[in-house]
Each structure stands twice: as C-alpha cells, then as structure tokens.
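**Student:** What follows is start_7.tsv, TSV, C-alpha atoms.
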```
chain	number	residue	atom	x	y	z
A	1	MET	CA	0.00	0.00	0.00
A	2	THR	CA	1.36	3.41	-0.94
A	3	ILE	CA	0.49	6.55	0.99
A	4	TYR	CA	0.68	9.68	-1.14
A	5	GLY	CA	1.34	12.23	1.56
A	6	ASN	CA	3.12	15.37	2.62
A	7	SER	CA	5.21	15.40	5.79
A	8	VAL	CA	4.01	18.84	6.90
A	9	SER	CA	0.31	17.97	6.55
A	10	GLY	CA	-1.59	16.87	9.66
A	11	ASN	CA	-4.19	15.25	7.41
A	12	CYS	CA	-1.44	13.00	6.06
A	13	HIS	CA	-0.09	12.30	9.56
A	14	LYS	CA	-3.49	10.79	10.46
A	15	VAL	CA	-2.94	7.96	7.99
A	16	ALA	CA	0.54	7.35	9.42
A	17	PHE	CA	-0.88	7.33	12.98
A	18	VAL	CA	-3.27	4.50	12.08
A	19	CYS	CA	-0.65	2.51	10.17
A	20	ASP	CA	1.88	2.82	13.00
A	21	ARG	CA	-0.69	1.99	15.69
A	22	LEU	CA	-2.06	-1.05	13.85
A	23	GLY	CA	1.19	-2.23	12.26
A	24	ILE	CA	-0.03	-1.82	8.68
A	25	PRO	CA	2.91	-2.03	6.25
A	26	ASN	CA	3.08	0.92	3.88
A	27	ARG	CA	5.28	2.95	1.60
A	28	TRP	CA	5.21	6.76	1.96
A	29	LEU	CA	5.49	8.74	-1.25
A	30	GLU	CA	6.19	12.41	-0.55
A	31	VAL	CA	4.09	14.83	-2.63
A	32	ASP	CA	5.03	18.52	-2.64
A	33	PHE	CA	1.84	20.49	-3.20
A	34	LEU	CA	3.82	23.74	-2.96
A	35	LYS	CA	5.54	22.66	-6.18
A	36	GLY	CA	2.18	21.92	-7.80
A	37	GLU	CA	2.59	18.14	-7.61
A	38	THR	CA	-1.10	17.70	-6.67
A	39	ARG	CA	-2.15	19.53	-9.85
A	40	THR	CA	-0.36	17.50	-12.51
A	41	PRO	CA	-2.46	15.48	-14.99
A	42	GLU	CA	-0.96	12.26	-13.56
A	43	PHE	CA	-1.93	13.18	-10.02
A	44	LEU	CA	-5.43	14.37	-10.95
A	45	ALA	CA	-6.03	11.12	-12.84
A	46	MET	CA	-5.53	9.30	-9.53
A	47	ASN	CA	-7.27	11.85	-7.30
A	48	PRO	CA	-9.40	14.41	-9.16
A	49	ALA	CA	-9.85	16.31	-5.90
A	50	GLY	CA	-6.16	17.23	-6.13
A	51	GLN	CA	-5.44	16.58	-2.47
A	52	VAL	CA	-3.22	14.49	-0.24
A	53	PRO	CA	-3.40	12.11	1.51
A	54	PHE	CA	-4.66	9.32	-0.61
A	55	ILE	CA	-3.71	5.68	-0.72
A	56	ARG	CA	-3.14	3.26	-3.55
A	57	PHE	CA	-3.43	-0.41	-2.78
A	58	GLU	CA	-1.30	-2.99	-4.58
A	59	ASP	CA	-4.28	-4.01	-6.73
A	60	GLY	CA	-4.71	-0.42	-7.95
A	61	ARG	CA	-7.68	0.62	-5.80
A	62	LEU	CA	-7.54	4.27	-4.71
A	63	LEU	CA	-8.96	5.95	-1.63
A	64	ALA	CA	-8.83	9.63	-0.68
A	65	GLN	CA	-9.88	11.82	2.29
A	66	SER	CA	-7.87	11.41	5.49
A	67	ASN	CA	-10.78	10.50	7.73
A	68	ALA	CA	-12.29	8.05	5.22
A	69	ILE	CA	-8.87	6.38	4.90
A	70	MET	CA	-8.57	6.10	8.70
A	71	LEU	CA	-12.06	4.58	8.95
A	72	TYR	CA	-11.21	1.97	6.31
A	73	LEU	CA	-7.78	1.01	7.66
A	74	ALA	CA	-8.98	0.85	11.28
A	75	GLU	CA	-12.14	-1.18	10.61
A	76	GLY	CA	-12.43	-3.93	13.21
A	77	SER	CA	-9.71	-2.43	15.44
A	78	ASP	CA	-10.07	-0.89	18.90
A	79	LEU	CA	-9.65	2.58	17.34
A	80	ILE	CA	-13.34	2.34	16.38
A	81	PRO	CA	-15.87	1.88	19.21
A	82	ALA	CA	-17.89	-1.34	19.10
A	83	ASP	CA	-21.05	0.45	20.26
A	84	ALA	CA	-23.11	1.89	17.39
A	85	PHE	CA	-23.91	5.18	19.12
A	86	GLU	CA	-20.30	5.69	20.20
A	87	ARG	CA	-19.32	5.11	16.57
A	88	ALA	CA	-21.86	7.77	15.61
A	89	LEU	CA	-20.30	10.22	18.06
A	90	MET	CA	-16.86	9.41	16.69
A	91	ASN	CA	-18.13	10.14	13.17
A	92	GLN	CA	-19.69	13.38	14.45
A	93	TRP	CA	-16.26	14.55	15.62
A	94	LEU	CA	-14.59	13.40	12.39
A	95	PHE	CA	-16.95	15.55	10.31
A	96	TRP	CA	-16.72	18.44	12.76
A	97	GLU	CA	-12.92	18.25	12.55
A	98	GLN	CA	-12.95	18.63	8.77
A	99	TYR	CA	-15.60	21.35	8.72
A	100	SER	CA	-14.94	23.52	11.77
A	101	HIS	CA	-11.41	22.74	13.00
A	102	GLU	CA	-9.14	21.91	10.06
A	103	THR	CA	-10.57	24.81	8.05
A	104	ALA	CA	-9.40	27.24	10.74
A	105	ILE	CA	-6.37	25.77	12.51
A	106	ALA	CA	-4.76	23.90	9.60
A	107	VAL	CA	-5.48	26.75	7.21
A	108	ARG	CA	-4.07	29.39	9.56
A	109	ARG	CA	-1.01	27.20	10.17
A	110	PHE	CA	-0.53	26.92	6.42
A	111	HIS	CA	-0.45	30.70	6.02
A	112	ALA	CA	1.57	31.45	9.17
A	113	PHE	CA	3.97	28.51	9.40
A	114	VAL	CA	4.29	27.10	5.89
A	115	LEU	CA	3.98	30.28	3.81
A	116	LYS	CA	5.49	32.44	6.62
A	117	LYS	CA	2.97	35.24	6.09
A	118	PRO	CA	2.84	38.06	8.63
A	119	ASP	CA	-0.30	38.15	10.81
A	120	SER	CA	-1.55	41.22	8.99
A	121	ASP	CA	-1.78	39.22	5.73
A	122	ILE	CA	-3.87	36.43	7.28
A	123	ASP	CA	-7.68	36.54	7.37
A	124	PRO	CA	-8.54	37.49	10.99
A	125	ALA	CA	-11.66	35.28	10.80
A	126	LEU	CA	-9.36	32.22	10.96
A	127	MET	CA	-8.14	33.13	14.45
A	128	GLU	CA	-11.68	33.67	15.67
A	129	LYS	CA	-12.94	30.43	14.12
A	130	GLY	CA	-9.99	28.45	15.46
A	131	ASN	CA	-10.43	29.78	18.98
A	132	ARG	CA	-14.11	28.87	18.81
A	133	ALA	CA	-13.16	25.32	17.73
A	134	LEU	CA	-10.62	25.02	20.56
A	135	GLY	CA	-13.29	26.31	22.96
A	136	VAL	CA	-15.68	23.55	21.87
A	137	MET	CA	-12.93	20.98	22.48
A	138	GLU	CA	-12.04	22.51	25.87
A	139	GLY	CA	-15.65	22.26	27.01
A	140	HIS	CA	-15.94	18.67	25.87
A	141	LEU	CA	-12.64	17.61	27.46
A	142	ALA	CA	-13.38	19.32	30.79
A	143	THR	CA	-15.07	16.10	31.94
A	144	ARG	CA	-13.46	13.54	29.64
A	145	ARG	CA	-10.03	12.07	28.94
A	146	TYR	CA	-10.84	11.17	25.30
A	147	PHE	CA	-13.42	12.42	22.82
A	148	VAL	CA	-15.60	9.30	22.79
A	149	GLY	CA	-16.19	6.48	25.26
A	150	GLU	CA	-13.23	7.29	27.51
A	151	LYS	CA	-10.74	5.56	25.27
A	152	LEU	CA	-8.59	6.46	22.30
A	153	SER	CA	-10.49	6.46	18.99
A	154	LEU	CA	-10.14	7.89	15.51
A	155	ALA	CA	-11.82	11.05	16.83
A	156	ASP	CA	-8.71	11.73	18.96
A	157	LEU	CA	-6.33	10.87	16.10
A	158	ALA	CA	-8.14	13.19	13.68
A	159	LEU	CA	-8.33	16.07	16.14
A	160	VAL	CA	-4.81	15.79	17.51
A	161	ALA	CA	-3.29	15.91	14.02
A	162	TYR	CA	-3.50	19.70	13.80
A	163	THR	CA	-4.26	20.59	17.43
A	164	ARG	CA	-0.71	19.53	18.39
A	165	PHE	CA	0.57	22.13	15.93
A	166	ALA	CA	-1.88	24.84	17.05
A	167	HIS	CA	1.04	26.98	18.29
A	168	GLU	CA	2.49	26.98	14.76
A	169	ALA	CA	-0.87	28.37	13.64
A	170	GLY	CA	-0.66	31.16	16.23
A	171	PHE	CA	-3.03	29.71	18.86
A	172	ASP	CA	-2.14	29.53	22.54
A	173	LEU	CA	-3.07	26.21	24.13
A	174	ALA	CA	-2.28	27.62	27.60
A	175	THR	CA	-5.76	29.15	27.32
A	176	PHE	CA	-7.19	25.67	26.76
A	177	PRO	CA	-5.58	23.53	29.50
A	178	HIS	CA	-7.81	20.49	29.03
A	179	VAL	CA	-6.99	20.48	25.33
A	180	ARG	CA	-3.28	20.86	26.09
A	181	ASP	CA	-3.37	17.91	28.53
A	182	TRP	CA	-5.34	15.78	26.07
A	183	VAL	CA	-2.78	16.51	23.30
A	184	LYS	CA	-0.02	15.24	25.59
A	185	ARG	CA	-2.10	12.15	26.49
A	186	VAL	CA	-2.77	11.25	22.85
A	187	GLU	CA	0.84	11.96	21.83
A	188	ASP	CA	1.95	9.57	24.60
A	189	ASP	CA	-0.55	6.94	23.42
A	190	LEU	CA	0.78	7.23	19.87
A	191	ASN	CA	4.45	7.41	20.96
A	192	LEU	CA	4.83	10.79	19.29
A	193	THR	CA	7.45	13.26	20.36
A	194	SER	CA	5.92	16.69	20.81
B	1	MET	CA	-36.72	11.49	17.82
B	2	THR	CA	-36.58	15.23	17.23
B	3	ILE	CA	-34.72	16.79	14.31
B	4	TYR	CA	-33.52	20.30	15.06
B	5	GLY	CA	-33.38	21.65	11.54
B	6	ASN	CA	-33.85	24.56	9.21
B	7	SER	CA	-36.03	24.18	6.11
B	8	VAL	CA	-33.67	26.15	3.86
B	9	SER	CA	-30.58	24.12	4.81
B	10	GLY	CA	-29.52	21.26	2.55
B	11	ASN	CA	-27.56	19.77	5.44
B	12	CYS	CA	-30.85	19.47	7.33
B	13	HIS	CA	-32.64	18.04	4.28
B	14	LYS	CA	-30.18	15.13	4.31
B	15	VAL	CA	-31.60	13.92	7.63
B	16	ALA	CA	-35.14	14.21	6.27
B	17	PHE	CA	-34.13	12.26	3.11
B	18	VAL	CA	-32.95	9.32	5.23
B	19	CYS	CA	-35.98	9.41	7.54
B	20	ASP	CA	-38.41	9.55	4.62
B	21	ARG	CA	-36.61	6.83	2.68
B	22	LEU	CA	-36.37	4.45	5.65
B	23	GLY	CA	-39.68	5.34	7.31
B	24	ILE	CA	-38.11	6.60	10.53
B	25	PRO	CA	-40.70	8.51	12.61
B	26	ASN	CA	-39.52	11.96	13.64
B	27	ARG	CA	-40.57	15.39	14.76
B	28	TRP	CA	-39.05	18.41	12.97
B	29	LEU	CA	-38.28	21.42	15.13
B	30	GLU	CA	-37.55	24.49	13.03
B	31	VAL	CA	-34.53	26.51	14.16
B	32	ASP	CA	-33.95	29.96	12.66
B	33	PHE	CA	-30.22	30.60	12.69
B	34	LEU	CA	-30.78	34.01	11.05
B	35	LYS	CA	-32.54	35.01	14.28
B	36	GLY	CA	-29.60	33.70	16.34
B	37	GLU	CA	-31.46	30.62	17.57
B	38	THR	CA	-28.31	28.46	17.20
B	39	ARG	CA	-26.37	30.82	19.49
B	40	THR	CA	-28.61	30.84	22.58
B	41	PRO	CA	-27.25	29.29	25.81
B	42	GLU	CA	-30.01	26.63	25.63
B	43	PHE	CA	-29.03	25.65	22.08
B	44	LEU	CA	-25.28	25.65	22.78
B	45	ALA	CA	-25.86	23.42	25.82
B	46	MET	CA	-27.29	20.82	23.42
B	47	ASN	CA	-24.87	21.41	20.54
B	48	PRO	CA	-21.75	23.45	21.43
B	49	ALA	CA	-20.88	23.62	17.73
B	50	GLY	CA	-23.92	25.92	17.30
B	51	GLN	CA	-25.11	24.22	14.12
B	52	VAL	CA	-28.14	22.46	12.70
B	53	PRO	CA	-29.04	19.74	12.01
B	54	PHE	CA	-28.82	17.73	15.15
B	55	ILE	CA	-31.08	15.09	16.56
B	56	ARG	CA	-32.32	14.39	20.06
B	57	PHE	CA	-33.51	10.89	20.80
B	58	GLU	CA	-36.31	10.26	23.27
B	59	ASP	CA	-33.81	9.08	25.90
B	60	GLY	CA	-31.93	12.38	25.65
B	61	ARG	CA	-28.98	11.27	23.53
B	62	LEU	CA	-27.79	13.97	21.11
B	63	LEU	CA	-26.08	13.64	17.74
B	64	ALA	CA	-24.82	16.40	15.43
B	65	GLN	CA	-23.25	16.68	11.94
B	66	SER	CA	-25.52	15.87	9.01
B	67	ASN	CA	-23.37	13.10	7.52
B	68	ALA	CA	-22.75	11.45	10.90
B	69	ILE	CA	-26.51	11.50	11.56
B	70	MET	CA	-27.21	9.90	8.17
B	71	LEU	CA	-24.61	7.19	8.81
B	72	TYR	CA	-26.19	6.36	12.17
B	73	LEU	CA	-29.81	6.36	11.02
B	74	ALA	CA	-29.07	4.37	7.86
B	75	GLU	CA	-26.91	1.69	9.52
B	76	GLY	CA	-27.92	-1.72	8.20
B	77	SER	CA	-30.02	-0.28	5.35
B	78	ASP	CA	-29.36	-0.46	1.61
B	79	LEU	CA	-28.28	3.19	1.66
B	80	ILE	CA	-24.91	1.95	2.95
B	81	PRO	CA	-22.99	-0.52	0.72
B	82	ALA	CA	-22.39	-3.94	2.23
B	83	ASP	CA	-18.89	-4.12	0.74
B	84	ALA	CA	-16.19	-2.60	2.99
B	85	PHE	CA	-14.32	-0.82	0.20
B	86	GLU	CA	-17.53	0.60	-1.30
B	87	ARG	CA	-18.36	1.88	2.19
B	88	ALA	CA	-14.92	3.49	2.25
B	89	LEU	CA	-15.58	5.20	-1.08
B	90	MET	CA	-18.96	6.39	0.22
B	91	ASN	CA	-17.22	7.86	3.27
B	92	GLN	CA	-14.63	9.47	0.97
B	93	TRP	CA	-17.43	11.34	-0.84
B	94	LEU	CA	-19.14	12.26	2.44
B	95	PHE	CA	-15.97	13.94	3.71
B	96	TRP	CA	-15.27	15.52	0.33
B	97	GLU	CA	-18.81	16.92	0.29
B	98	GLN	CA	-18.34	18.67	3.61
B	99	TYR	CA	-14.83	19.94	2.83
B	100	SER	CA	-14.84	20.84	-0.87
B	101	HIS	CA	-18.49	21.07	-1.99
B	102	GLU	CA	-20.67	22.41	0.84
B	103	THR	CA	-18.07	25.05	1.68
B	104	ALA	CA	-18.41	26.50	-1.82
B	105	ILE	CA	-21.91	25.75	-3.12
B	106	ALA	CA	-23.87	25.95	0.13
B	107	VAL	CA	-21.91	28.96	1.31
B	108	ARG	CA	-22.36	30.82	-1.98
B	109	ARG	CA	-26.08	29.93	-1.96
B	110	PHE	CA	-26.33	31.33	1.56
B	111	HIS	CA	-24.90	34.67	0.46
B	112	ALA	CA	-26.71	34.89	-2.89
B	113	PHE	CA	-30.08	33.26	-2.17
B	114	VAL	CA	-30.63	33.56	1.58
B	115	LEU	CA	-28.94	36.90	2.28
B	116	LYS	CA	-29.73	38.22	-1.27
B	117	LYS	CA	-26.28	39.79	-1.63
B	118	PRO	CA	-25.28	41.13	-5.05
B	119	ASP	CA	-22.54	39.15	-6.83
B	120	SER	CA	-20.03	41.93	-6.24
B	121	ASP	CA	-20.36	41.42	-2.46
B	122	ILE	CA	-19.63	37.68	-2.63
B	123	ASP	CA	-16.10	36.26	-2.45
B	124	PRO	CA	-15.24	35.31	-6.08
B	125	ALA	CA	-13.22	32.33	-4.79
B	126	LEU	CA	-16.52	30.60	-3.95
B	127	MET	CA	-17.59	30.48	-7.60
B	128	GLU	CA	-14.22	29.10	-8.64
B	129	LYS	CA	-14.19	26.50	-5.86
B	130	GLY	CA	-17.79	25.47	-6.59
B	131	ASN	CA	-17.14	25.05	-10.29
B	132	ARG	CA	-14.11	22.92	-9.48
B	133	ALA	CA	-16.27	20.72	-7.20
B	134	LEU	CA	-18.95	20.37	-9.88
B	135	GLY	CA	-16.19	19.49	-12.37
B	136	VAL	CA	-14.98	16.68	-10.10
B	137	MET	CA	-18.56	15.35	-9.90
B	138	GLU	CA	-19.05	15.67	-13.67
B	139	GLY	CA	-15.92	13.63	-14.34
B	140	HIS	CA	-16.97	10.94	-11.88
B	141	LEU	CA	-20.53	10.71	-13.20
B	142	ALA	CA	-19.46	10.58	-16.85
B	143	THR	CA	-19.24	6.80	-16.54
B	144	ARG	CA	-21.54	6.17	-13.57
B	145	ARG	CA	-25.20	6.52	-12.61
B	146	TYR	CA	-24.50	6.86	-8.88
B	147	PHE	CA	-21.46	7.86	-6.86
B	148	VAL	CA	-20.66	4.42	-5.44
B	149	GLY	CA	-21.39	0.88	-6.57
B	150	GLU	CA	-23.98	1.84	-9.21
B	151	LYS	CA	-26.77	2.22	-6.67
B	152	LEU	CA	-28.16	4.94	-4.49
B	153	SER	CA	-26.14	5.48	-1.29
B	154	LEU	CA	-25.63	8.16	1.33
B	155	ALA	CA	-22.97	9.66	-0.97
B	156	ASP	CA	-25.73	10.60	-3.42
B	157	LEU	CA	-28.02	11.91	-0.67
B	158	ALA	CA	-25.26	14.08	0.80
B	159	LEU	CA	-24.16	15.47	-2.56
B	160	VAL	CA	-27.61	16.08	-3.99
B	161	ALA	CA	-28.68	18.12	-0.95
B	162	TYR	CA	-27.00	21.29	-2.19
B	163	THR	CA	-26.25	20.35	-5.82
B	164	ARG	CA	-29.99	20.45	-6.58
B	165	PHE	CA	-29.96	24.08	-5.42
B	166	ALA	CA	-26.75	24.97	-7.29
B	167	HIS	CA	-28.70	27.41	-9.51
B	168	GLU	CA	-29.74	29.33	-6.38
B	169	ALA	CA	-26.04	29.63	-5.62
B	170	GLY	CA	-25.33	31.04	-9.08
B	171	PHE	CA	-23.95	27.90	-10.75
B	172	ASP	CA	-25.15	26.66	-14.14
B	173	LEU	CA	-25.71	22.91	-14.24
B	174	ALA	CA	-26.17	23.07	-18.03
B	175	THR	CA	-22.36	23.11	-18.09
B	176	PHE	CA	-22.35	19.85	-16.10
B	177	PRO	CA	-24.88	17.63	-17.93
B	178	HIS	CA	-23.98	14.39	-16.14
B	179	VAL	CA	-24.43	16.12	-12.81
B	180	ARG	CA	-27.75	17.59	-13.96
B	181	ASP	CA	-29.02	14.15	-15.05
B	182	TRP	CA	-27.84	12.55	-11.82
B	183	VAL	CA	-29.66	15.22	-9.76
B	184	LYS	CA	-32.89	14.34	-11.60
B	185	ARG	CA	-32.25	10.61	-11.06
B	186	VAL	CA	-31.69	11.00	-7.31
B	187	GLU	CA	-34.63	13.40	-6.95
B	188	ASP	CA	-36.82	10.75	-8.65
B	189	ASP	CA	-35.44	8.03	-6.35
B	190	LEU	CA	-36.26	10.16	-3.32
B	191	ASN	CA	-39.64	11.33	-4.68
B	192	LEU	CA	-38.55	14.94	-4.50
B	193	THR	CA	-40.09	17.61	-6.66
B	194	SER	CA	-37.40	19.71	-8.30
```
Could you write out this structure as structure tokens?

**Tutor:**
Amino acid sequence: MTIYGNSVSGNCHKVAFVCDRLGIPNRWLEVDFLKGETRTPEFLAMNPAGQVPFIRFEDGRLLAQSNAIMLYLAEGSDLIPADAFERALMNQWLFWEQYSHETAIAVRRFHAFVLKKPDSDIDPALMEKGNRALGVMEGHLATRRYFVGEKLSLADLALVAYTRFAHEAGFDLATFPHVRDWVKRVEDDLNLTS
Amino acid sequence: MTIYGNSVSGNCHKVAFVCDRLGIPNRWLEVDFLKGETRTPEFLAMNPAGQVPFIRFEDGRLLAQSNAIMLYLAEGSDLIPADAFERALMNQWLFWEQYSHETAIAVRRFHAFVLKKPDSDIDPALMEKGNRALGVMEGHLATRRYFVGEKLSLADLALVAYTRFAHEAGFDLATFPHVRDWVKRVEDDLNLTS
C-alpha cells in the first residue's frame, strides 16, 4: 500500500498514525503540493480532488480523504468503538474536525507557518474560528479524557493531528488547558514526540 | 426522535431524506439561525458547535453533523454498501462533500439566495471552488449513474442536498450535464419535486 502524503500535513499524519498503531505495512510517497505536484495530470487522474493524503493499494484501488482512509484502515480495530452510538459520536467529531477545525487551525497554520505570512496578511476570521473550535474541544474535554467512550479512537487521532501544531498556527493552548493535557495524552498513546 | 433543523438548509434536508426513505418517525423542530437561535445558551448546551441539524432521541442522547446522523440512522439499510471498500468510497465522498463542496456551493447559496447579496459582495473564490467541485462530480458521473457501486447510497443523498440548489447559488448545471441528469435521477429516487 502506498500513501501519497506530505510530511508537513496533519491530514497525512493521520494515515501514518493509524498505520503505526495497527502495524499496517506501507510505503510513503512524498508529494510537494507547494511545487504543484497535486495539480499534474498524472496526479489528478488518480485523485481528481487534487489533495493528499490518498492511498493506492497494490491491486490499484484508490482511496482519498484522510478521515475516510482512517475509517477503512482501522475497521475492526479498537480505534473504532464497538457500540453503534459511540461510533456515531466518533463520526460526528470526524466531520466536525474537517468542517470547523481543520478549516481554521490547519489553514491558519498553512499561512503562518508554511507560507510564513505576517499576521496582517492572514484573514482574521481564521483566528476567531480556530479559537471557537478550541473552545468547543475545551468544554468537551473538561469532563473527559478522550473524545468518545473514555478511550482512544479515531476522533482523537483526527483532532490531535492539527491541534498539536496549534502553536504553529498562532493559537495559545495555555488558554485551553484540558486540550493541552489531552494533546499530551494522545501523543503519549501514539508514541509521538511533541 | 426530534430533528432540530432549518427548512432552507440542505444539510438538514439530508436527515429528512434518510428518515423519509427508511420510514423513521420523527418530529421536525424548526430553528432559525438568522434570528440567532443556534447561538442561545439553551441551544449551545445541546450542541456546542452551534449548528443544525442535530437530533435528540427520546432518551436524551444527542447527535450532530448531518453526515454522521445519516450514517447512524441508515446503519444496516441499503443506503450503505455492504462491501467494505464501497463503504470506504462512500465515506470518501461524504468527507469531500463537507470539505470541498458544501463550503463553496452551500456557502455561496447562503450569500446569494438567503442573504440576497449582489454578486459583487460575494467572495469570487466561492464560484471558482464550486465550479471545481462540480467538475470533479461531472468527471466521476461521466461513466456512472450513482457515486458508489452503481446504486443509491448516502454519498448521493449528501451530494444532492445542495447540488440540486446549485442554480440558487449562481452555478449553471447546463455546463455539467452528467451532474444535472444525476440530480434528476436522485430526486426521482427520493420522490422529491425539483
């Protein structure tokens, strides 16, 4: 299985988290979207959405979208709750992550950390939206150690991917102590160095 | 089961599509986000994300995010493919819909159709992003009748929710004939009047 990914992208890290955790053999193929490598005809023939990560299995099947890839690779593992309603809550957080979290924190990190733009050149709405997302997480984690069912699930993997780099995006996790502690907890679970 | 929804929102329609298709009894509670009803303390206590749709079951359990709600309500039905990889592809489209489609077409429709803004007051990037999303769908549907496995699935329900209102967002489906035909097909399947 080949992972088409980019080392700076939290979305791509999610796929690596699942592979490492579950011992799934894989080959990482680095794709540099800054050099336009996700916009070539060859790339778009494999993934018309023009995004990483996506995976190509040995038999040629292709699968895109970080959270969909995680769900497929982790099927049957303890990263997905056995209870149907807990699975639903996990999915709720996966969709929320892509809609309300990644679109603020990952996007602001891209401008601030990857493109090195000064604050004045970055849409101020991203800071507001990101702080609102972190506030939602802080409230949820005030009484919980993990997002769903008091154990590690794909919801934690998806959300930690960019939350652990929130400082690179210009956010201050000291204001969100439950989030900060949860990041450390999940990083420890995944044997990541922060 | 109570659906907290808004009649203009395609995301909320998705939940109604699944309930109607599968005969799931429900009560619809109209929430007017234009009047700030998703930002009251009572609403935020139920859904901190401040969004509709969400559902409240009789026993008090709460579930948010349109695509997560569909996945939960449709579990075990023929709206979800039995094959694991087809399910993965369905999930891929569900995440793509929320990240690359809704954020352009639904958002532009909100500005143009709901808020009645003139074109000059709407971010031109939304038109470009929406046309790119419709182009991805057009390419996929050029050789297929449905998004996954040649039968109706949640991928079609999620994507049709706003695509059928693309004209209200300022997009011209005449440029995307396979998408236009697929909208009609799915509307017929769901007994919707266009």

**Student:** Select, as an MDAnalysis selection string, those residues of chain B with any atom no more than 9 Å from chain A (distances computed using all atoms listed in the file).

**Tutor:** chainID B and resid 48:49 62:69 71:72 75 84:85 87:96 98:100 103 132:133 136 139:140

**Student:** Here is a test: counting all atoms listed in the file, which residue of B:Ile80, B:Leu159, B:Asp20, B:Asn26 is nearest to Glu97 of chain B?

**Tutor:**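 Among B:Ile80, B:Leu159, B:Asp20, B:Asn26, it is B:Leu159 that comes nearest to Glu97 of chain B.
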
**Student:** For atom CA of Asp188 of chain A and atom CA of Asp32 of chain A, determine how far apart the two atoms are, in Å to one decimal place.

**Tutor:**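 So the two atoms, atom CA of Asp188 of chain A and atom CA of Asp32 of chain A, lie 28.8 Å apart.
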
**Student:** Enclose all atoms of segment 58-65 of chain A listed in the file in an axis-aligned box, grow every side by 8 Å, and hand back centre and edge lengths in Å to one decimal, as lines of an AutoDock Vina configuration file.

**Tutor:**
```
center_x = -5.6
center_y = 3.9
center_z = -2.8
size_x = 24.6
size_y = 31.8
size_z = 26.2
```

**Student:** Using only C-alpha atoms for the distances, tell me which of B:Ile122, B:Asp83, B:Tyr4, B:Arg180 is nearest to Glu37 of chain B.

**Tutor:**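 With only C-alpha atoms as the atom set, the closest residue is B:Tyr4.
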
**Student:** Skipping near chain neighbours, those fewer than 2 positions away, what residues fall within 9 Å of Asn6 of chain A using all atoms listed in the file, listed as a PyMOL selection string?

**Tutor:** chain A and resi 4+8-13+28-33+52-53

**Student:** Save out the residues we just selected, C-alpha atoms, as a PDB file, in the frame of the given file.

**Tutor:**
```pdb
ATOM      1  CA  TYR A   4       0.680   9.680  -1.140  1.00  0.00           C
ATOM      2  CA  VAL A   8       4.010  18.840   6.900  1.00  0.00           C
ATOM      3  CA  SER A   9       0.310  17.970   6.550  1.00  0.00           C
ATOM      4  CA  GLY A  10      -1.590  16.870   9.660  1.00  0.00           C
ATOM      5  CA  ASN A  11      -4.190  15.250   7.410  1.00  0.00           C
ATOM      6  CA  CYS A  12      -1.440  13.000   6.060  1.00  0.00           C
ATOM      7  CA  HIS A  13      -0.090  12.300   9.560  1.00  0.00           C
ATOM      8  CA  TRP A  28       5.210   6.760   1.960  1.00  0.00           C
ATOM      9  CA  LEU A  29       5.490   8.740  -1.250  1.00  0.00           C
ATOM     10  CA  GLU A  30       6.190  12.410  -0.550  1.00  0.00           C
ATOM     11  CA  VAL A  31       4.090  14.830  -2.630  1.00  0.00           C
ATOM     12  CA  ASP A  32       5.030  18.520  -2.640  1.00  0.00           C
ATOM     13  CA  PHE A  33       1.840  20.490  -3.200  1.00  0.00           C
ATOM     14  CA  VAL A  52      -3.220  14.490  -0.240  1.00  0.00           C
ATOM     15  CA  PRO A  53      -3.400  12.110   1.510  1.00  0.00           C
TER      16      PRO A  53
END
```

**Student:** Rounded to one decimal, what separation in Å do you get between atom CA of Asp78 of chain A and atom CA of Ser153 of chain A?

**Tutor:**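 So the answer is 7.4 Å.
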
**Student:** Any idea what the distance is between atom CA of Met46 of chain A and atom CA of Tyr146 of chain B?

**Tutor:**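 One can read the atom CA of Met46 of chain A to atom CA of Tyr146 of chain B distance as 19.1 Å.
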
**Student:** Within 12 Å of Met127 of chain A, counting all atoms listed in the file, which residues show up once you throw out same-chain ones fewer than 4 positions away? Write them as a PDB file with C-alpha atoms, in the coordinates of the input, please.

**Tutor:**
```
ATOM      1  CA  HIS A 101     -11.410  22.740  13.000  1.00  0.00           C
ATOM      2  CA  THR A 103     -10.570  24.810   8.050  1.00  0.00           C
ATOM      3  CA  ALA A 104      -9.400  27.240  10.740  1.00  0.00           C
ATOM      4  CA  ILE A 105      -6.370  25.770  12.510  1.00  0.00           C
ATOM      5  CA  ALA A 106      -4.760  23.900   9.600  1.00  0.00           C
ATOM      6  CA  VAL A 107      -5.480  26.750   7.210  1.00  0.00           C
ATOM      7  CA  ARG A 108      -4.070  29.390   9.560  1.00  0.00           C
ATOM      8  CA  ARG A 109      -1.010  27.200  10.170  1.00  0.00           C
ATOM      9  CA  HIS A 111      -0.450  30.700   6.020  1.00  0.00           C
ATOM     10  CA  ALA A 112       1.570  31.450   9.170  1.00  0.00           C
ATOM     11  CA  ASP A 119      -0.300  38.150  10.810  1.00  0.00           C
ATOM     12  CA  SER A 120      -1.550  41.220   8.990  1.00  0.00           C
ATOM     13  CA  ILE A 122      -3.870  36.430   7.280  1.00  0.00           C
ATOM     14  CA  ASP A 123      -7.680  36.540   7.370  1.00  0.00           C
ATOM     15  CA  ASN A 131     -10.430  29.780  18.980  1.00  0.00           C
ATOM     16  CA  ARG A 132     -14.110  28.870  18.810  1.00  0.00           C
ATOM     17  CA  ALA A 133     -13.160  25.320  17.730  1.00  0.00           C
ATOM     18  CA  LEU A 134     -10.620  25.020  20.560  1.00  0.00           C
ATOM     19  CA  ALA A 166      -1.880  24.840  17.050  1.00  0.00           C
ATOM     20  CA  HIS A 167       1.040  26.980  18.290  1.00  0.00           C
ATOM     21  CA  ALA A 169      -0.870  28.370  13.640  1.00  0.00           C
ATOM     22  CA  GLY A 170      -0.660  31.160  16.230  1.00  0.00           C
ATOM     23  CA  PHE A 171      -3.030  29.710  18.860  1.00  0.00           C
ATOM     24  CA  ASP A 172      -2.140  29.530  22.540  1.00  0.00           C
TER      25      ASP A 172
END
```

**Student:** May I ask which of the residues A:Lys14, A:Phe147, A:Ile3, A:Phe165 is the closest one to Trp182 of chain A, counting all atoms listed in the file?

**Tutor:**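 Looking only at the distances to Trp182 of chain A, the closest residue turns out to be A:Phe147.
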
**Student:** Quick one: of A:Gly23, A:Leu34, A:Ala142, A:Leu154, who's nearest to Val114 of chain A, counting all atoms listed in the file?

**Tutor:**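 Looking at the shortest contact to Val114 of chain A, the residue is A:Leu34.
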